[in-house]
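> Dropping in final.cif, with mmCIF, C-alpha atoms.
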data_start
loop_
_atom_site.group_PDB
_atom_site.id
_atom_site.type_symbol
_atom_site.label_atom_id
_atom_site.label_comp_id
_atom_site.auth_asym_id
_atom_site.auth_seq_id
_atom_site.Cartn_x
_atom_site.Cartn_y
_atom_site.Cartn_z
ATOM 1 C CA MET N 1 134.797 18.604 130.697
ATOM 2 C CA ILE N 2 133.864 21.862 128.991
ATOM 3 C CA ASN N 3 130.229 22.676 128.224
ATOM 4 C CA TYR N 4 129.496 25.308 125.640
ATOM 5 C CA THR N 5 126.710 26.873 123.683
ATOM 6 C CA ILE N 6 126.451 29.281 120.760
ATOM 7 C CA THR N 7 123.784 31.929 120.324
ATOM 8 C CA ASP N 8 123.131 35.107 118.361
ATOM 9 C CA SER N 9 124.388 38.385 119.813
ATOM 10 C CA PRO N 10 124.699 42.016 118.696
ATOM 11 C CA LEU N 11 128.277 41.151 117.562
ATOM 12 C CA GLY N 12 127.457 37.985 115.605
ATOM 13 C CA TYR N 13 127.486 34.517 117.111
ATOM 14 C CA LEU N 14 128.500 34.317 120.751
ATOM 15 C CA LEU N 15 130.175 31.160 122.020
ATOM 16 C CA LEU N 16 130.326 30.780 125.780
ATOM 17 C CA ALA N 17 132.152 27.834 127.357
ATOM 18 C CA ALA N 18 132.333 26.859 131.013
ATOM 19 C CA ASN N 19 134.102 24.238 133.069
ATOM 20 C CA GLY N 20 131.176 23.746 135.409
ATOM 21 C CA LYS N 21 131.653 26.589 137.891
ATOM 22 C CA SER N 22 133.182 29.351 135.793
ATOM 23 C CA ILE N 23 133.485 30.729 132.269
ATOM 24 C CA CYS N 24 136.636 29.635 130.455
ATOM 25 C CA ALA N 25 135.966 31.046 126.960
ATOM 26 C CA VAL N 26 133.909 33.774 125.317
ATOM 27 C CA ARG N 27 134.282 34.140 121.571
ATOM 28 C CA PHE N 28 132.521 35.969 118.783
ATOM 29 C CA GLY N 29 132.344 35.099 115.103
ATOM 30 C CA HIS N 30 130.215 34.778 112.014
ATOM 31 C CA ASP N 31 130.681 31.030 111.514
ATOM 32 C CA LYS N 32 129.419 28.572 114.134
ATOM 33 C CA LYS N 33 131.591 25.737 112.833
ATOM 34 C CA LYS N 34 134.767 27.857 113.098
ATOM 35 C CA LEU N 35 133.862 28.865 116.645
ATOM 36 C CA GLU N 36 133.308 25.230 117.608
ATOM 37 C CA SER N 37 136.484 23.969 115.934
ATOM 38 C CA GLY N 38 138.577 26.687 117.599
ATOM 39 C CA LEU N 39 137.172 25.771 120.992
ATOM 40 C CA LYS N 40 137.738 22.053 120.425
ATOM 41 C CA LYS N 41 141.367 22.709 119.472
ATOM 42 C CA GLU N 42 141.918 24.534 122.754
ATOM 43 C CA PHE N 43 139.756 22.239 124.898
ATOM 44 C CA GLU N 44 139.860 18.717 123.497
ATOM 45 C CA ALA N 45 137.318 17.441 126.038
ATOM 46 C CA ALA N 46 134.676 20.010 125.046
ATOM 47 C CA ARG N 47 131.153 18.788 124.484
ATOM 48 C CA SER N 48 128.077 20.662 123.415
ATOM 49 C CA ILE N 49 125.122 21.132 125.699
ATOM 50 C CA GLN N 50 122.683 23.479 124.024
ATOM 51 C CA ASN N 51 120.338 25.453 126.286
ATOM 52 C CA ASP N 52 122.191 24.356 129.427
ATOM 53 C CA PRO N 53 120.445 26.367 132.195
ATOM 54 C CA SER N 54 123.728 27.283 133.917
ATOM 55 C CA LEU N 55 125.088 28.789 130.683
ATOM 56 C CA ARG N 56 121.852 30.503 129.696
ATOM 57 C CA ARG N 57 121.912 33.015 132.561
ATOM 58 C CA TRP N 58 125.541 33.954 131.807
ATOM 59 C CA ILE N 59 124.791 34.360 128.100
ATOM 60 C CA GLN N 60 121.769 36.540 128.860
ATOM 61 C CA ALA N 61 123.900 38.769 131.098
ATOM 62 C CA LEU N 62 126.519 39.189 128.346
ATOM 63 C CA ILE N 63 123.907 39.907 125.667
ATOM 64 C CA LYS N 64 122.230 42.534 127.870
ATOM 65 C CA TYR N 65 125.641 44.165 128.331
ATOM 66 C CA LEU N 66 126.418 44.054 124.606
ATOM 67 C CA SER N 67 122.986 45.532 123.845
ATOM 68 C CA GLY N 68 123.650 48.443 126.206
ATOM 69 C CA GLN N 69 120.896 47.372 128.603
ATOM 70 C CA LYS N 70 123.079 46.504 131.622
ATOM 71 C CA PRO N 71 126.561 47.302 132.967
ATOM 72 C CA TRP N 72 129.432 44.806 132.687
ATOM 73 C CA PRO N 73 128.244 41.673 134.498
ATOM 74 C CA LEU N 74 130.185 40.198 137.388
ATOM 75 C CA LEU N 75 130.513 36.625 136.180
ATOM 76 C CA PRO N 76 132.764 33.810 137.406
ATOM 77 C CA TYR N 77 135.780 33.634 135.070
ATOM 78 C CA ASP N 78 138.466 30.961 134.862
ATOM 79 C CA VAL N 79 141.276 32.826 133.129
ATOM 80 C CA GLN N 80 144.487 30.886 132.469
ATOM 81 C CA ALA N 81 147.308 33.408 132.347
ATOM 82 C CA THR N 82 150.865 34.163 133.320
ATOM 83 C CA ALA N 83 151.433 36.478 136.286
ATOM 84 C CA PHE N 84 152.057 39.364 133.882
ATOM 85 C CA GLN N 85 148.931 38.618 131.831
ATOM 86 C CA ARG N 86 146.863 38.463 135.024
ATOM 87 C CA ARG N 87 148.204 41.856 136.185
ATOM 88 C CA VAL N 88 147.321 43.388 132.804
ATOM 89 C CA TRP N 89 143.850 41.793 132.950
ATOM 90 C CA GLU N 90 143.228 43.195 136.457
ATOM 91 C CA TRP N 91 144.505 46.633 135.419
ATOM 92 C CA LEU N 92 142.173 46.682 132.393
ATOM 93 C CA ARG N 93 139.228 45.579 134.522
ATOM 94 C CA ALA N 94 139.859 48.544 136.851
ATOM 95 C CA ILE N 95 139.150 51.073 134.070
ATOM 96 C CA PRO N 96 135.689 52.565 134.732
ATOM 97 C CA SER N 97 132.952 51.927 132.202
ATOM 98 C CA GLY N 98 133.034 54.518 129.434
ATOM 99 C CA ALA N 99 136.624 55.566 130.180
ATOM 100 C CA THR N 100 139.683 54.902 128.055
#
Could you spell out this file's structure in C-alpha cells?

Amino acid sequence: MINYTITDSPLGYLLLAANGKSICAVRFGHDKKKLESGLKKEFEAARSIQNDPSLRRWIQALIKYLSGQKPWPLLPYDVQATAFQRRVWEWLRAIPSGAT
C-alpha cells in the first residue's frame, strides 16, 4: 500500500508518496490530476490519505529545503534501482551543497 499527499510548494504542486516507513516517490507538477494518475500507473495499490501525520513532517522538511530555509533533509528513501543507478545516486548525493 502506498500513501500519498499533494501540497503546494515553491516549485508547483509537490506529491510525496510513502510505503509506510520510507519515501518511494517525490514529484512536482502543475496539475494535481496528472501527478495522481502518474503515481497510480507506477503504484497500482496507491491510495490517498490527505494530511497523514507521517507524511506531513517529510513534506514540511522538503518545503523548507526548497524555500532555502534548511539544508537537504535526511529522509528515509526507498529507491528502486539497478546497481549502476544506485552507484550514480550515491555519487550525486556525495556532492556538497552548493557545488556542481
> Just how far from CA of His30 (chain N) is CA of Asp8 (chain N), in Å to one decimal?
9.5 Å
> In Å, rounded to a single decimal, give me how far CA of Lys40 (chain N) is from CA of Trp58 (chain N).
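Value for the CA of Trp58 (chain N)-CA of Lys40 (chain N) distance: 20.5 Å.
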> For Arg47 (chain N), which of N:Val79, N:Thr7, N:Leu92, N:Ala17 is the closest residue, counting all atoms listed in the file?
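Among the listed residues, the smallest separation from Arg47 (chain N) belongs to N:Ala17.
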> Please provide as an MDAnalysis selection string all residues within 12 Å of region 97-99 of chain N, with the sequence filter that same-chain residues fewer than 5 positions apart are discarded (counting all atoms listed in the file).
chainID N and resid 65 68 70:73 92
> Would you mind reading off the distance between CA of Asn3 (chain N) and CA of Arg27 (chain N), one decimal, in Å?
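Separation of CA of Asn3 (chain N) and CA of Arg27 (chain N): 13.9 Å.
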> With the file shown as input, list the residues that the PyMOL selection byres ((chain N and resi 45) around 12) selects, as a list in words.
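What the PyMOL selection byres ((chain N and resi 45) around 12) grabs from the file is Met1, Ile2, Asn3, Tyr4, Ala17, Ala18, Asn19, Leu39, Lys40, Lys41, Glu42, Phe43, Glu44, Ala46, Arg47 and Ser48 of chain N.
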> So, with only C-alpha atoms as the atoms that count, which of N:Leu74, N:Leu35, N:Ala83, N:Leu15 lies closest to Leu55 (chain N)?
N:Leu15
> My list of candidates is N:Val88, N:Ala25, N:Leu16, N:Ala94. Which is closest to Arg57 (chain N) when distances are computed with all atoms listed in the file?
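Closest to Arg57 (chain N) of all the choices is N:Leu16.
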> Go through N:Arg93, N:Ile23, N:Arg56, N:Leu14 one by one, measure the shortest atom-to-atom distance of each to Glu36 (chain N) using all atoms listed in the file, and give the residue with the smallest value.
N:Leu14
> Will you model N, CA and C atoms for region 26-55 of chain N and pass it back as a tab-separated table (two decimals), in the frame of the given file?

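Saved to selection.tsv:
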chain	number	residue	atom	x	y	z
N	26	VAL	N	134.96	32.98	125.95
N	26	VAL	CA	133.91	33.77	125.32
N	26	VAL	C	134.48	34.19	123.99
N	27	ARG	N	133.78	33.81	122.91
N	27	ARG	CA	134.28	34.14	121.57
N	27	ARG	C	133.14	34.61	120.70
N	28	PHE	N	133.49	35.46	119.74
N	28	PHE	CA	132.52	35.97	118.78
N	28	PHE	C	132.98	35.60	117.38
N	29	GLY	N	132.01	35.40	116.48
N	29	GLY	CA	132.34	35.10	115.10
N	29	GLY	C	131.10	35.08	114.24
N	30	HIS	N	131.33	34.83	112.96
N	30	HIS	CA	130.22	34.78	112.01
N	30	HIS	C	130.00	33.37	111.48
N	31	ASP	N	130.77	32.41	111.98
N	31	ASP	CA	130.68	31.03	111.51
N	31	ASP	C	130.68	30.10	112.73
N	32	LYS	N	129.54	29.45	112.97
N	32	LYS	CA	129.42	28.57	114.13
N	32	LYS	C	130.44	27.44	114.11
N	33	LYS	N	130.66	26.87	112.93
N	33	LYS	CA	131.59	25.74	112.83
N	33	LYS	C	133.02	26.16	113.18
N	34	LYS	N	133.43	27.37	112.76
N	34	LYS	CA	134.77	27.86	113.10
N	34	LYS	C	134.89	28.12	114.60
N	35	LEU	N	133.84	28.65	115.20
N	35	LEU	CA	133.86	28.86	116.64
N	35	LEU	C	134.02	27.53	117.38
N	36	GLU	N	133.23	26.55	116.97
N	36	GLU	CA	133.31	25.23	117.61
N	36	GLU	C	134.67	24.58	117.41
N	37	SER	N	135.20	24.63	116.19
N	37	SER	CA	136.48	23.97	115.93
N	37	SER	C	137.61	24.65	116.70
N	38	GLY	N	137.57	25.98	116.81
N	38	GLY	CA	138.58	26.69	117.60
N	38	GLY	C	138.53	26.30	119.07
N	39	LEU	N	137.32	26.17	119.60
N	39	LEU	CA	137.17	25.77	120.99
N	39	LEU	C	137.67	24.35	121.20
N	40	LYS	N	137.33	23.45	120.28
N	40	LYS	CA	137.74	22.05	120.42
N	40	LYS	C	139.25	21.88	120.29
N	41	LYS	N	139.91	22.76	119.55
N	41	LYS	CA	141.37	22.71	119.47
N	41	LYS	C	141.98	23.09	120.82
N	42	GLU	N	141.39	24.09	121.47
N	42	GLU	CA	141.92	24.53	122.75
N	42	GLU	C	141.52	23.60	123.89
N	43	PHE	N	140.28	23.12	123.86
N	43	PHE	CA	139.76	22.24	124.90
N	43	PHE	C	139.30	20.94	124.25
N	44	GLU	N	140.17	19.97	124.20
N	44	GLU	CA	139.86	18.72	123.50
N	44	GLU	C	138.69	17.96	124.11
N	45	ALA	N	138.41	18.17	125.38
N	45	ALA	CA	137.32	17.44	126.04
N	45	ALA	C	135.99	18.18	125.95
N	46	ALA	N	135.91	19.22	125.13
N	46	ALA	CA	134.68	20.01	125.05
N	46	ALA	C	133.54	19.18	124.49
N	47	ARG	N	132.36	19.41	125.02
N	47	ARG	CA	131.15	18.79	124.48
N	47	ARG	C	130.04	19.81	124.49
N	48	SER	N	129.13	19.67	123.58
N	48	SER	CA	128.08	20.66	123.42
N	48	SER	C	126.85	20.31	124.24
N	49	ILE	N	126.41	21.25	125.02
N	49	ILE	CA	125.12	21.13	125.70
N	49	ILE	C	124.36	22.40	125.37
N	50	GLN	N	123.47	22.32	124.41
N	50	GLN	CA	122.68	23.48	124.02
N	50	GLN	C	121.60	23.74	125.07
N	51	ASN	N	121.36	25.01	125.34
N	51	ASN	CA	120.34	25.45	126.29
N	51	ASN	C	120.57	24.94	127.70
N	52	ASP	N	121.84	24.74	128.06
N	52	ASP	CA	122.19	24.36	129.43
N	52	ASP	C	121.78	25.51	130.34
N	53	PRO	N	120.93	25.28	131.34
N	53	PRO	CA	120.44	26.37	132.20
N	53	PRO	C	121.56	27.18	132.85
N	54	SER	N	122.65	26.54	133.25
N	54	SER	CA	123.73	27.28	133.92
N	54	SER	C	124.43	28.23	132.95
N	55	LEU	N	124.47	27.91	131.67
N	55	LEU	CA	125.09	28.79	130.68
N	55	LEU	C	124.12	29.86	130.22
